[in-house]
file run_12.txt (compact mmCIF, C-alpha atoms and all ligand atoms)
# COMPACT_ATOMS: atom_id res chain seq x y z
CA MET Y 1 17.04 12.36 46.94
CA SER Y 2 18.39 9.90 44.40
CA LEU Y 3 17.40 10.37 40.76
CA ASP Y 4 17.80 6.66 40.11
CA ARG Y 5 14.59 5.08 38.74
CA SER Y 6 15.93 1.71 37.69
CA ALA Y 7 14.10 -0.24 40.43
CA VAL Y 8 10.71 0.90 39.17
CA HIS Y 9 8.80 -0.50 36.19
CA ASN Y 10 6.14 2.01 35.15
CA PHE Y 11 3.17 0.54 33.28
CA ALA Y 12 1.10 3.75 33.20
CA ALA Y 13 -1.47 4.27 30.45
CA GLY Y 14 -0.67 7.94 29.99
CA PRO Y 15 1.04 10.12 30.87
CA SER Y 16 3.47 7.26 30.63
CA PRO Y 17 7.19 6.63 30.87
CA LEU Y 18 9.70 8.32 28.61
CA PRO Y 19 13.25 7.12 27.92
CA THR Y 20 15.54 8.00 30.83
CA SER Y 21 18.30 9.27 28.52
CA VAL Y 22 15.82 11.69 26.93
CA LEU Y 23 14.64 12.96 30.30
CA GLU Y 24 18.24 13.53 31.39
CA GLU Y 25 18.89 15.63 28.32
CA ALA Y 26 15.57 17.44 28.76
CA ALA Y 27 16.51 18.25 32.36
CA ARG Y 28 19.76 19.83 31.15
CA GLY Y 29 17.88 21.76 28.45
CA LEU Y 30 15.41 23.01 31.02
CA LEU Y 31 18.31 24.66 32.86
CA ASN Y 32 20.62 25.67 30.06
CA TYR Y 33 19.64 24.96 26.48
CA ASN Y 34 22.58 24.32 24.19
CA GLY Y 35 24.95 26.60 26.10
CA THR Y 36 22.70 29.66 25.77
CA GLY Y 37 22.65 30.14 29.55
CA MET Y 38 18.84 30.05 29.31
CA GLY Y 39 16.42 27.19 29.74
CA VAL Y 40 14.38 25.97 26.80
CA CYS Y 41 11.18 27.26 28.48
CA GLU Y 42 12.76 30.69 28.78
CA LEU Y 43 13.44 31.14 25.06
CA SER Y 44 11.15 32.87 22.59
CA HIS Y 45 9.15 30.48 20.48
CA ARG Y 46 10.02 32.75 17.53
CA GLY Y 47 13.78 32.57 18.13
CA LYS Y 48 16.24 30.52 16.09
CA GLU Y 49 16.71 27.90 18.81
CA PHE Y 50 13.05 26.93 19.01
CA LYS Y 51 12.70 27.12 15.23
CA ALA Y 52 15.46 24.49 14.96
CA ILE Y 53 13.72 22.31 17.56
CA ILE Y 54 10.30 22.30 15.90
CA GLU Y 55 11.69 21.93 12.38
CA GLY Y 56 13.90 19.06 13.52
CA ALA Y 57 10.90 17.38 15.15
CA GLU Y 58 8.89 17.63 11.94
CA ALA Y 59 11.76 16.28 9.82
CA ASP Y 60 12.31 13.30 12.13
CA LEU Y 61 8.59 12.58 12.30
CA ARG Y 62 8.32 12.63 8.52
CA SER Y 63 11.23 10.27 8.10
CA LEU Y 64 10.04 7.88 10.84
CA LEU Y 65 6.51 7.67 9.42
CA LYS Y 66 7.54 7.95 5.75
CA LEU Y 67 4.92 10.69 5.56
CA PRO Y 68 4.39 11.95 2.02
CA ASP Y 69 4.60 15.66 1.25
CA SER Y 70 0.87 15.61 0.49
CA HIS Y 71 0.38 15.88 4.26
CA ALA Y 72 1.17 18.74 6.64
CA VAL Y 73 2.44 18.17 10.19
CA LEU Y 74 0.83 20.33 12.88
CA PHE Y 75 1.73 20.64 16.56
CA MET Y 76 -1.47 21.65 18.31
CA GLN Y 77 -2.89 21.97 21.83
CA GLY Y 78 -6.02 20.59 23.46
CA GLY Y 79 -5.24 16.87 23.34
CA GLY Y 80 -7.06 14.14 21.49
CA THR Y 81 -10.33 15.40 22.96
CA THR Y 82 -10.11 18.70 21.10
CA GLN Y 83 -9.40 16.78 17.90
CA PHE Y 84 -12.72 14.92 18.24
CA ALA Y 85 -14.25 18.32 17.38
CA SER Y 86 -11.53 19.80 15.16
CA VAL Y 87 -11.67 17.00 12.60
CA VAL Y 88 -15.42 17.44 12.25
CA LEU Y 89 -15.21 21.24 12.00
CA ASN Y 90 -12.49 21.25 9.34
CA VAL Y 91 -14.00 18.43 7.28
CA LEU Y 92 -17.45 20.08 7.34
CA ALA Y 93 -15.91 23.38 6.22
CA ALA Y 94 -14.02 21.62 3.39
CA ARG Y 95 -17.24 19.91 2.28
CA ARG Y 96 -19.18 23.19 2.36
CA LEU Y 97 -16.53 24.95 0.27
CA ALA Y 98 -16.63 22.10 -2.26
CA HIS Y 99 -20.34 22.95 -2.67
CA ALA Y 100 -19.91 26.72 -2.55
CA SER Y 101 -22.49 27.37 -5.25
CA THR Y 102 -25.26 25.52 -3.37
CA PRO Y 103 -27.49 27.95 -1.43
CA THR Y 104 -27.64 27.20 2.32
CA GLU Y 105 -31.33 26.20 2.19
CA GLN Y 106 -30.52 23.52 -0.38
CA TYR Y 107 -27.27 22.36 1.18
CA GLU Y 108 -27.62 18.79 2.48
CA PRO Y 109 -25.80 18.13 5.77
CA PRO Y 110 -23.28 15.36 5.07
CA VAL Y 111 -23.15 11.97 6.74
CA LEU Y 112 -20.19 11.27 9.03
CA ASP Y 113 -19.36 7.58 9.45
CA TYR Y 114 -18.00 6.36 12.79
CA VAL Y 115 -16.41 3.02 13.60
CA VAL Y 116 -16.92 2.58 17.34
CA SER Y 117 -14.63 -0.05 18.83
CA GLY Y 118 -14.22 1.20 22.39
CA SER Y 119 -14.54 4.06 24.86
CA TRP Y 120 -12.52 6.62 22.90
CA SER Y 121 -14.20 6.17 19.54
CA ALA Y 122 -17.53 6.28 21.40
CA LYS Y 123 -16.49 9.66 22.80
CA ALA Y 124 -15.49 10.93 19.36
CA TYR Y 125 -18.87 9.83 17.99
CA ALA Y 126 -20.69 11.56 20.86
CA GLU Y 127 -18.81 14.79 20.13
CA ALA Y 128 -19.83 14.64 16.45
CA GLN Y 129 -23.46 14.19 17.54
CA ARG Y 130 -23.15 17.23 19.80
CA LEU Y 131 -21.65 19.36 17.02
CA ALA Y 132 -24.39 18.27 14.60
CA LEU Y 133 -26.97 20.30 16.55
CA ASN Y 134 -27.60 23.79 15.25
CA GLY Y 135 -30.64 24.65 17.31
CA ASP Y 136 -32.96 25.59 14.47
CA GLY Y 137 -34.02 22.28 13.02
CA LYS Y 138 -31.52 21.41 10.32
CA PRO Y 139 -28.41 19.63 11.64
CA PHE Y 140 -24.92 20.54 10.48
CA CYS Y 141 -24.11 16.89 9.78
CA VAL Y 142 -25.53 13.41 10.27
CA PRO Y 143 -23.18 11.24 12.34
CA ARG Y 144 -23.94 7.52 12.09
CA LEU Y 145 -22.41 4.22 13.10
CA ALA Y 146 -20.65 2.48 10.23
CA ALA Y 147 -19.59 -0.32 12.59
CA SER Y 148 -19.61 -1.03 16.30
CA SER Y 149 -18.47 -3.71 18.71
CA LYS Y 150 -20.42 -2.29 21.64
CA GLU Y 151 -22.60 -5.42 21.85
CA ALA Y 152 -19.45 -7.47 22.41
CA LYS Y 153 -18.54 -4.94 25.16
CA TYR Y 154 -15.57 -4.00 22.98
CA THR Y 155 -13.84 -7.32 23.66
CA SER Y 156 -13.30 -7.49 19.90
CA LEU Y 157 -13.28 -5.18 16.92
CA PRO Y 158 -16.43 -4.83 14.78
CA SER Y 159 -17.06 -7.81 12.54
CA ALA Y 160 -18.99 -5.93 9.81
CA TYR Y 161 -18.62 -2.51 8.21
CA ASP Y 162 -21.19 -0.42 6.40
CA PHE Y 163 -19.65 2.81 5.09
CA SER Y 164 -22.01 5.20 3.31
CA ALA Y 165 -21.35 6.41 -0.21
CA GLY Y 166 -20.83 10.17 -0.03
CA ALA Y 167 -19.95 10.36 3.70
CA ALA Y 168 -17.77 13.37 4.44
CA LEU Y 169 -15.55 11.40 6.81
CA ALA Y 170 -14.96 7.91 8.15
CA PHE Y 171 -13.48 7.82 11.64
CA TYR Y 172 -11.75 5.03 13.53
CA CYS Y 173 -9.56 4.74 16.61
CA GLU Y 174 -6.55 2.56 15.84
CA ASN Y 175 -5.91 1.51 19.44
CA GLU Y 176 -8.51 1.65 22.20
CA THR Y 177 -6.46 2.54 25.26
CA ILE Y 178 -9.08 1.52 27.84
CA ASN Y 179 -10.53 -1.61 26.22
CA GLY Y 180 -7.26 -2.90 24.76
CA ASP Y 181 -8.44 -3.72 21.25
CA GLU Y 182 -6.32 -2.52 18.34
CA PHE Y 183 -6.49 -2.86 14.57
CA ALA Y 184 -3.75 -5.15 13.30
CA GLY Y 185 -0.68 -3.43 11.89
CA VAL Y 186 -0.81 -5.60 8.77
CA ALA Y 187 -3.43 -6.41 6.13
CA GLY Y 188 -5.21 -9.72 5.82
CA THR Y 189 -6.14 -10.56 9.43
CA ASP Y 190 -9.64 -10.51 10.95
CA ALA Y 191 -8.51 -7.42 12.85
CA SER Y 192 -7.15 -5.43 9.90
CA PHE Y 193 -8.87 -2.12 9.18
CA PRO Y 194 -11.00 -2.49 6.00
CA PHE Y 195 -9.30 0.30 4.04
CA ASP Y 196 -10.71 -0.99 0.75
CA LYS Y 197 -14.30 -0.50 1.96
CA VAL Y 198 -13.95 3.25 2.64
CA PRO Y 199 -15.28 5.21 -0.36
CA LYS Y 200 -12.52 7.02 -2.25
CA ASP Y 201 -13.89 10.53 -1.68
CA THR Y 202 -14.52 10.07 2.03
CA VAL Y 203 -11.91 11.64 4.31
CA LEU Y 204 -10.40 8.84 6.40
CA VAL Y 205 -9.67 10.01 9.96
CA ALA Y 206 -7.73 8.02 12.55
CA ASP Y 207 -7.16 8.57 16.26
CA TYR Y 208 -3.67 7.22 16.88
CA SER Y 209 -3.32 8.71 20.38
CA SER Y 210 -2.13 5.55 22.10
CA SER Y 211 -0.30 3.72 19.33
CA PHE Y 212 1.47 6.57 17.53
CA LEU Y 213 5.09 5.66 16.71
CA SER Y 214 4.74 2.14 18.11
CA ARG Y 215 5.05 0.72 14.58
CA PRO Y 216 4.59 1.99 11.00
CA ILE Y 217 1.09 3.30 10.12
CA PRO Y 218 -0.52 1.11 7.45
CA ASN Y 219 -1.82 3.04 4.42
CA ILE Y 220 -0.72 6.34 5.88
CA ALA Y 221 -1.25 8.22 2.60
CA GLN Y 222 -4.90 7.15 2.37
CA HIS Y 223 -5.70 9.05 5.55
CA GLY Y 224 -7.01 12.60 5.42
CA ILE Y 225 -6.28 13.25 9.10
CA ILE Y 226 -4.33 11.34 11.75
CA TYR Y 227 -3.91 12.76 15.23
CA ALA Y 228 -2.25 11.72 18.47
CA GLY Y 229 -1.81 13.32 21.87
CA ALA Y 230 1.88 13.12 22.80
CA GLN Y 231 1.55 11.66 26.26
CA LYS Y 232 1.99 7.97 25.43
CA ASN Y 233 4.90 7.31 23.10
CA LEU Y 234 6.00 10.81 22.14
CA GLY Y 235 6.44 13.20 25.04
CA PRO Y 236 4.72 15.03 27.89
CA SER Y 237 1.03 15.89 27.63
CA GLY Y 238 0.34 19.32 26.16
CA VAL Y 239 1.10 18.82 22.49
CA THR Y 240 -1.00 16.94 19.95
CA VAL Y 241 0.42 15.96 16.59
CA VAL Y 242 -1.98 16.25 13.66
CA LEU Y 243 -1.14 15.00 10.17
CA VAL Y 244 -3.45 16.63 7.64
CA ARG Y 245 -3.74 16.13 3.90
CA ARG Y 246 -3.18 19.54 2.39
CA ASP Y 247 -6.54 19.77 0.60
CA LEU Y 248 -8.12 19.83 4.09
CA LEU Y 249 -6.26 23.03 5.02
CA VAL Y 250 -9.29 25.19 4.23
CA ASP Y 251 -10.50 28.69 5.04
CA THR Y 252 -13.21 27.97 7.59
CA THR Y 253 -14.23 31.66 7.73
CA ALA Y 254 -15.20 31.45 4.06
CA ALA Y 255 -17.19 28.28 4.80
CA MET Y 256 -18.94 29.98 7.73
CA LYS Y 257 -19.92 32.87 5.46
CA LEU Y 258 -21.64 30.41 3.09
CA GLY Y 259 -23.73 29.07 6.03
CA GLY Y 260 -24.73 25.56 6.98
CA VAL Y 261 -21.60 24.78 9.01
CA PRO Y 262 -20.74 25.23 12.69
CA ALA Y 263 -18.51 28.10 13.86
CA VAL Y 264 -14.82 27.17 13.96
CA PRO Y 265 -12.54 28.70 16.63
CA ILE Y 266 -9.36 29.96 14.95
CA GLN Y 267 -7.23 27.62 17.14
CA SER Y 268 -9.04 24.64 15.62
CA GLU Y 269 -8.52 25.69 12.00
CA TYR Y 270 -5.83 23.45 10.52
CA LYS Y 271 -5.01 26.00 7.79
CA THR Y 272 -4.14 28.67 10.36
CA LEU Y 273 -1.77 26.32 12.14
CA ALA Y 274 -0.21 25.16 8.87
CA ASP Y 275 0.21 28.71 7.51
CA ASN Y 276 2.03 29.65 10.69
CA GLY Y 277 4.28 26.63 11.08
CA SER Y 278 2.29 25.64 14.22
CA LEU Y 279 3.25 29.00 15.78
CA TYR Y 280 0.03 30.97 15.37
CA ASN Y 281 0.06 31.52 19.10
CA THR Y 282 2.46 30.46 21.85
CA PRO Y 283 2.98 26.72 21.45
CA PRO Y 284 3.59 24.22 24.27
CA VAL Y 285 7.34 24.75 24.14
CA PHE Y 286 8.50 22.13 26.63
CA PRO Y 287 6.32 19.25 25.37
CA ILE Y 288 7.48 19.98 21.82
CA TYR Y 289 11.12 20.07 22.95
CA VAL Y 290 10.88 16.72 24.75
CA SER Y 291 8.98 15.23 21.80
CA ALA Y 292 11.78 16.39 19.51
CA LEU Y 293 14.28 14.56 21.72
CA VAL Y 294 12.15 11.39 21.69
CA LEU Y 295 11.89 11.53 17.90
CA ARG Y 296 15.65 11.86 17.58
CA HIS Y 297 16.03 8.92 19.97
CA LEU Y 298 13.67 6.78 17.80
CA VAL Y 299 15.61 7.66 14.67
CA ALA Y 300 18.85 6.67 16.44
CA GLN Y 301 17.28 3.34 17.43
CA GLY Y 302 16.84 2.53 13.74
CA GLY Y 303 13.30 3.74 13.04
CA LEU Y 304 9.84 2.28 13.44
CA ASP Y 305 10.57 -1.16 12.01
CA LYS Y 306 13.06 -1.69 14.81
CA VAL Y 307 10.70 -0.18 17.39
CA ALA Y 308 7.94 -2.49 16.14
CA GLU Y 309 10.16 -5.57 16.52
CA VAL Y 310 10.72 -4.82 20.19
CA ASN Y 311 7.07 -3.92 20.79
CA LYS Y 312 5.97 -7.18 19.20
CA ALA Y 313 8.35 -9.16 21.38
CA LYS Y 314 6.99 -7.39 24.47
CA ALA Y 315 3.34 -7.99 23.54
CA ASP Y 316 3.97 -11.64 22.57
CA ALA Y 317 5.69 -12.34 25.89
CA LEU Y 318 2.98 -10.69 27.98
CA TYR Y 319 0.08 -12.36 26.17
CA ALA Y 320 1.83 -15.74 26.40
CA SER Y 321 2.07 -15.38 30.17
CA LEU Y 322 -1.52 -14.19 30.42
CA ASP Y 323 -2.82 -17.06 28.25
CA ALA Y 324 -0.98 -19.54 30.44
CA ALA Y 325 -2.32 -17.86 33.58
CA GLU Y 326 -5.82 -17.86 32.10
CA ALA Y 327 -5.53 -21.61 31.54
CA THR Y 328 -4.94 -22.05 35.28
CA GLY Y 329 -8.00 -19.90 36.07
CA ALA Y 330 -5.95 -17.16 37.79
CA VAL Y 331 -6.70 -14.38 35.29
CA THR Y 332 -8.93 -13.60 32.32
CA CYS Y 333 -7.82 -11.54 29.34
CA VAL Y 334 -10.32 -8.83 28.43
CA VAL Y 335 -9.90 -8.88 24.63
CA ARG Y 336 -11.18 -12.17 23.21
CA GLN Y 337 -10.28 -11.66 19.53
CA LYS Y 338 -6.60 -12.59 19.48
CA ALA Y 339 -5.66 -10.65 16.33
CA ALA Y 340 -7.21 -7.52 17.89
CA ARG Y 341 -5.08 -7.55 21.04
CA SER Y 342 -3.33 -4.25 21.57
CA TRP Y 343 0.44 -4.07 21.52
CA MET Y 344 0.28 -1.07 23.85
CA ASN Y 345 -2.47 -1.55 26.45
CA VAL Y 346 -3.10 -4.98 27.93
CA PRO Y 347 -6.16 -5.16 30.19
CA PHE Y 348 -6.89 -8.29 32.24
CA ASN Y 349 -8.83 -9.31 35.31
CA ILE Y 350 -7.63 -11.23 38.33
CA THR Y 351 -10.08 -13.95 39.33
CA ASN Y 352 -11.06 -15.49 42.68
CA GLY Y 353 -10.99 -12.16 44.54
CA ARG Y 354 -7.18 -11.99 44.35
CA GLU Y 355 -6.80 -8.57 42.71
CA ALA Y 356 -5.62 -6.79 45.87
CA GLU Y 357 -3.07 -9.60 46.44
CA PHE Y 358 -1.85 -9.24 42.85
CA LEU Y 359 -1.44 -5.48 43.16
CA LYS Y 360 0.33 -5.76 46.51
CA GLY Y 361 2.83 -8.25 45.09
CA ALA Y 362 3.27 -6.07 42.02
CA GLU Y 363 3.97 -2.99 44.11
CA ALA Y 364 6.56 -4.89 46.17
CA ARG Y 365 8.39 -5.84 42.97
CA GLY Y 366 8.53 -2.25 41.72
CA PHE Y 367 5.65 -2.49 39.23
CA ARG Y 368 3.69 0.76 39.21
CA GLN Y 369 0.41 2.12 37.81
CA LEU Y 370 -1.10 -1.24 36.90
CA LYS Y 371 -4.65 -0.44 37.96
CA GLY Y 372 -7.20 -0.49 35.13
CA HIS Y 373 -9.04 2.62 33.95
CA ARG Y 374 -11.53 3.85 36.55
CA SER Y 375 -14.43 3.19 34.14
CA VAL Y 376 -13.70 -0.55 33.77
CA GLY Y 377 -11.55 -1.54 36.77
CA GLY Y 378 -9.31 -4.62 36.66
CA ILE Y 379 -5.66 -4.47 35.68
CA ARG Y 380 -4.07 -2.77 32.69
CA ALA Y 381 -0.42 -3.08 31.77
CA SER Y 382 0.54 -0.40 29.28
CA ILE Y 383 3.74 -1.30 27.49
CA TYR Y 384 4.56 1.78 25.45
CA ASN Y 385 7.84 2.28 23.61
CA ALA Y 386 9.77 3.38 26.70
CA VAL Y 387 8.84 0.26 28.67
CA THR Y 388 11.74 -2.11 28.12
CA LEU Y 389 11.58 -5.77 27.14
CA GLU Y 390 13.34 -6.46 30.43
CA SER Y 391 10.53 -4.77 32.42
CA VAL Y 392 7.95 -6.82 30.52
CA HIS Y 393 9.86 -10.05 31.17
CA LYS Y 394 9.89 -9.22 34.89
CA LEU Y 395 6.13 -8.66 34.84
CA CYS Y 396 5.66 -11.96 32.95
CA ALA Y 397 7.71 -13.80 35.57
CA TYR Y 398 5.50 -12.33 38.28
CA ILE Y 399 2.30 -13.34 36.46
CA ASP Y 400 3.67 -16.88 36.00
CA GLU Y 401 4.54 -17.07 39.71
CA PHE Y 402 1.16 -15.61 40.76
CA ALA Y 403 -0.77 -18.10 38.59
CA ALA Y 404 1.28 -21.03 39.92
CA ALA Y 405 0.38 -20.00 43.49
CA ALA Y 406 -3.36 -20.14 42.77
C1 LIG H 501 -7.21 6.73 21.98
C2 LIG H 501 -7.41 8.02 22.73
N1 LIG H 501 -8.06 9.04 22.13
C3 LIG H 501 -8.25 10.22 22.75
C4 LIG H 501 -7.81 10.42 24.03
C5 LIG H 501 -8.04 11.74 24.69
O1 LIG H 501 -6.84 12.41 24.70
P1 LIG H 501 -6.56 13.68 25.62
O2 LIG H 501 -6.58 13.22 27.04
O3 LIG H 501 -5.19 14.10 25.13
O4 LIG H 501 -7.61 14.68 25.32
C6 LIG H 501 -7.10 9.41 24.70
C7 LIG H 501 -6.59 9.60 26.06
O5 LIG H 501 -6.02 8.75 26.68
C8 LIG H 501 -6.91 8.18 24.03
O6 LIG H 501 -6.24 7.18 24.63
call {"tool": "encode", "arguments": {"input": "run_12.txt", "output": "structure tokens", "more": "lines below"}}
Ligand SMILES: Cc1ncc(COP(=O)(O)O)c(C=O)c1O
result
Amino acid sequence: MSLDRSAVHNFAAGPSPLPTSVLEEAARGLLNYNGTGMGVCELSHRGKEFKAIIEGAEADLRSLLKLPDSHAVLFMQGGGTTQFASVVLNVLAARRLAHASTPTEQYEPPVLDYVVSGSWSAKAYAEAQRLALNGDGKPFCVPRLAASSKEAKYTSLPSAYDFSAGAALAFYCENETINGDEFAGVAGTDASFPFDKVPKDTVLVADYSSSFLSRPIPNIAQHGIIYAGAQKNLGPSGVTVVLVRRDLLVDTTAAMKLGGVPAVPIQSEYKTLADNGSLYNTPPVFPIYVSALVLRHLVAQGGLDKVAEVNKAKADALYASLDAAEATGAVTCVVRQKAARSWMNVPFNITNGREAEFLKGAEARGFRQLKGHRSVGGIRASIYNAVTLESVHKLCAYIDEFAAAA
């Protein structure tokens, strides 16, 4: 069987394509890491080889993101979904410890503000509501909507924001992978995140799962927590990167002893992970190794400004073709607010009952995994970092041709 993959253009939403050169190196490392005669998955996670891998990954990540030393880098397990809970648990513990002298009966459960702009932030909000329940009347926290674009069926970002003074956290999802709306990477547009409206003492939390490393993170230092599952731009699924401001590395056992907070599994406590260099228990060795290779590859490409230039060119080309095709009536773009269109996930619908025809033609041209998320249907082209400009141009040419044949 040939290992050549050049005839295929993979537009998967995640797990998604990784750079071929990285996978070739990873394949060698899987068999014989660095001349040790042992594969990377056969080495102790406490040995010097793995220590170099994980430390190198953290150093490259810090330099790519220009992450200040005020923030720790954690490599965790459980995906973005586990982080929906972990952010709440750690922030509630930090808040409780900040009010250590208040007796439990007098302790007021804090408000948690959620910006809901699509399916994933809705899921994060639902998890906070679930964790709020304590079964004996007084909730652990009061999750509320600070903004929502549900009424617009998430075809845009929220148009108004109402953050509460004193909220323990304010959550947003930077890029909605299913709906295709994304906060703009720059200030001053109608799709820019309203950083100035978040109260200073509120912990700002961002889900960056599907846009991590696609461009620089605006106002990175203002965030208390940023997390991202690896399986889009970083590496294989199985590792989740969490950036945590160090004042949120708190002793959750001490908070639990005070009462008024939910129980925190040790694996979800950021402090435990930080104190142990992400090696409290056996880490996902292979996903971390491949992520380390991807990070080195991004550094070699010239960093995130360069990556962003290419990603912008890809998104501009694809949206230009889709707008032209929409003008002919062959397709409709899902996201209506232009400044909120995702650079990573581009959902659209094929009109006039021609979806099967579109997918058949796409398949014949080597385009793979273009079907939309099962919850919304339609088409979704995900154009993560490893999807080349050339692949996007080929898809654009096909869309142009398909629209002309309408
Ligand atoms: C924006 C976003 N958040 C969270 C998740 C959930 O991540 P996981 O599947 O790693 O739990 C996903 C998954 O695609 C996502 O795209």
call {"tool": "residues_near_ligand", "arguments": {"input": "run_12.txt", "ligand": "ligand LIG 501 (chain H)", "cutoff": "7 Å", "atoms": "all atoms listed in the file", "output": "number ranges by chain"}}
result
Y: 14, 78-82, 120, 173, 175-177, 207-210, 229, 237
call {"tool": "residues_around", "arguments": {"input": "run_12.txt", "residues": "Y:Tyr319", "least_positions_apart": "2", "cutoff": "12 Å", "atoms": "only C-alpha atoms", "output": "PDB file with C-alpha atoms, in the coordinates of the input"}}
result
ATOM      1  CA  LYS Y 312       5.970  -7.180  19.200  1.00  0.00           C
ATOM      2  CA  ALA Y 313       8.350  -9.160  21.380  1.00  0.00           C
ATOM      3  CA  LYS Y 314       6.990  -7.390  24.470  1.00  0.00           C
ATOM      4  CA  ALA Y 315       3.340  -7.990  23.540  1.00  0.00           C
ATOM      5  CA  ASP Y 316       3.970 -11.640  22.570  1.00  0.00           C
ATOM      6  CA  ALA Y 317       5.690 -12.340  25.890  1.00  0.00           C
ATOM      7  CA  SER Y 321       2.070 -15.380  30.170  1.00  0.00           C
ATOM      8  CA  LEU Y 322      -1.520 -14.190  30.420  1.00  0.00           C
ATOM      9  CA  ASP Y 323      -2.820 -17.060  28.250  1.00  0.00           C
ATOM     10  CA  ALA Y 324      -0.980 -19.540  30.440  1.00  0.00           C
ATOM     11  CA  ALA Y 325      -2.320 -17.860  33.580  1.00  0.00           C
ATOM     12  CA  GLU Y 326      -5.820 -17.860  32.100  1.00  0.00           C
ATOM     13  CA  VAL Y 331      -6.700 -14.380  35.290  1.00  0.00           C
ATOM     14  CA  THR Y 332      -8.930 -13.600  32.320  1.00  0.00           C
ATOM     15  CA  CYS Y 333      -7.820 -11.540  29.340  1.00  0.00           C
ATOM     16  CA  VAL Y 334     -10.320  -8.830  28.430  1.00  0.00           C
ATOM     17  CA  VAL Y 335      -9.900  -8.880  24.630  1.00  0.00           C
ATOM     18  CA  ARG Y 336     -11.180 -12.170  23.210  1.00  0.00           C
ATOM     19  CA  LYS Y 338      -6.600 -12.590  19.480  1.00  0.00           C
ATOM     20  CA  ALA Y 339      -5.660 -10.650  16.330  1.00  0.00           C
ATOM     21  CA  ARG Y 341      -5.080  -7.550  21.040  1.00  0.00           C
ATOM     22  CA  SER Y 342      -3.330  -4.250  21.570  1.00  0.00           C
ATOM     23  CA  TRP Y 343       0.440  -4.070  21.520  1.00  0.00           C
ATOM     24  CA  MET Y 344       0.280  -1.070  23.850  1.00  0.00           C
ATOM     25  CA  ASN Y 345      -2.470  -1.550  26.450  1.00  0.00           C
ATOM     26  CA  VAL Y 346      -3.100  -4.980  27.930  1.00  0.00           C
ATOM     27  CA  PRO Y 347      -6.160  -5.160  30.190  1.00  0.00           C
ATOM     28  CA  PHE Y 348      -6.890  -8.290  32.240  1.00  0.00           C
ATOM     29  CA  ALA Y 381      -0.420  -3.080  31.770  1.00  0.00           C
ATOM     30  CA  ILE Y 383       3.740  -1.300  27.490  1.00  0.00           C
ATOM     31  CA  VAL Y 392       7.950  -6.820  30.520  1.00  0.00           C
ATOM     32  CA  HIS Y 393       9.860 -10.050  31.170  1.00  0.00           C
ATOM     33  CA  LEU Y 395       6.130  -8.660  34.840  1.00  0.00           C
ATOM     34  CA  CYS Y 396       5.660 -11.960  32.950  1.00  0.00           C
ATOM     35  CA  ILE Y 399       2.300 -13.340  36.460  1.00  0.00           C
ATOM     36  CA  ASP Y 400       3.670 -16.880  36.000  1.00  0.00           C
TER      37      ASP Y 400
END
call {"tool": "residues_around", "arguments": {"input": "run_12.txt", "residues": "stretch 214-225 of chain Y", "least_positions_apart": "3", "cutoff": "6 Å", "atoms": "all atoms listed in the file", "output": "VMD selection string"}}
result
chain Y and resid 203 to 205 211 243 to 245 304 308
call {"tool": "residues_around", "arguments": {"input": "run_12.txt", "residues": "Y:Pro19", "least_positions_apart": "4", "cutoff": "12 Å", "atoms": "all atoms listed in the file", "output": "short mmCIF file (atom, residue, chain, number, x, y, z; two decimals) with C-alpha atoms, in the coordinates of the input"}}
result
data_model
loop_
_atom_site.label_atom_id
_atom_site.label_comp_id
_atom_site.auth_asym_id
_atom_site.auth_seq_id
_atom_site.Cartn_x
_atom_site.Cartn_y
_atom_site.Cartn_z
CA ARG Y 5 14.59 5.08 38.74
CA SER Y 6 15.93 1.71 37.69
CA ASN Y 10 6.14 2.01 35.15
CA LEU Y 23 14.64 12.96 30.30
CA GLU Y 24 18.24 13.53 31.39
CA GLU Y 25 18.89 15.63 28.32
CA ALA Y 26 15.57 17.44 28.76
CA LYS Y 232 1.99 7.97 25.43
CA ASN Y 233 4.90 7.31 23.10
CA LEU Y 234 6.00 10.81 22.14
CA GLY Y 235 6.44 13.20 25.04
CA PRO Y 236 4.72 15.03 27.89
CA VAL Y 290 10.88 16.72 24.75
CA SER Y 291 8.98 15.23 21.80
CA LEU Y 293 14.28 14.56 21.72
CA VAL Y 294 12.15 11.39 21.69
CA LEU Y 295 11.89 11.53 17.90
CA ARG Y 296 15.65 11.86 17.58
CA HIS Y 297 16.03 8.92 19.97
CA LEU Y 298 13.67 6.78 17.80
CA GLN Y 301 17.28 3.34 17.43
CA TYR Y 384 4.56 1.78 25.45
CA ASN Y 385 7.84 2.28 23.61
CA ALA Y 386 9.77 3.38 26.70
CA VAL Y 387 8.84 0.26 28.67
CA THR Y 388 11.74 -2.11 28.12
#
call {"tool": "closest_residue", "arguments": {"input": "run_12.txt", "among": "Y:Ile178, Y:Ala132, Y:Ala300, Y:Ala327", "to": "Y:Asp60", "atoms": "only C-alpha atoms"}}
result
Y:Ala300
call {"tool": "atom_distance", "arguments": {"input": "run_12.txt", "atom1": "atom CA of Y:Leu74", "atom2": "atom CA of Y:Phe171"}}
result
19.0 Å
call {"tool": "closest_residue", "arguments": {"input": "run_12.txt", "among": "Y:Thr240, Y:Gln106, Y:Ser149, Y:Asn281", "to": "Y:Gln267", "atoms": "only C-alpha atoms"}}
result
Y:Asn281
call {"tool": "closest_residue", "arguments": {"input": "run_12.txt", "among": "Y:Gln337, Y:Asn349, Y:Thr36, Y:Asn134", "to": "Y:Ser156", "atoms": "only C-alpha atoms"}}
result
Y:Gln337
call {"tool": "atom_distance", "arguments": {"input": "run_12.txt", "atom1": "atom CA of Y:Phe11", "atom2": "atom CA of Y:Lys66"}}
result
28.8 Å
call {"tool": "closest_residue", "arguments": {"input": "run_12.txt", "among": "Y:Cys141, Y:Ala206, Y:Leu248, Y:Leu30", "to": "Y:Val285", "atoms": "only C-alpha atoms"}}
result
Y:Leu30
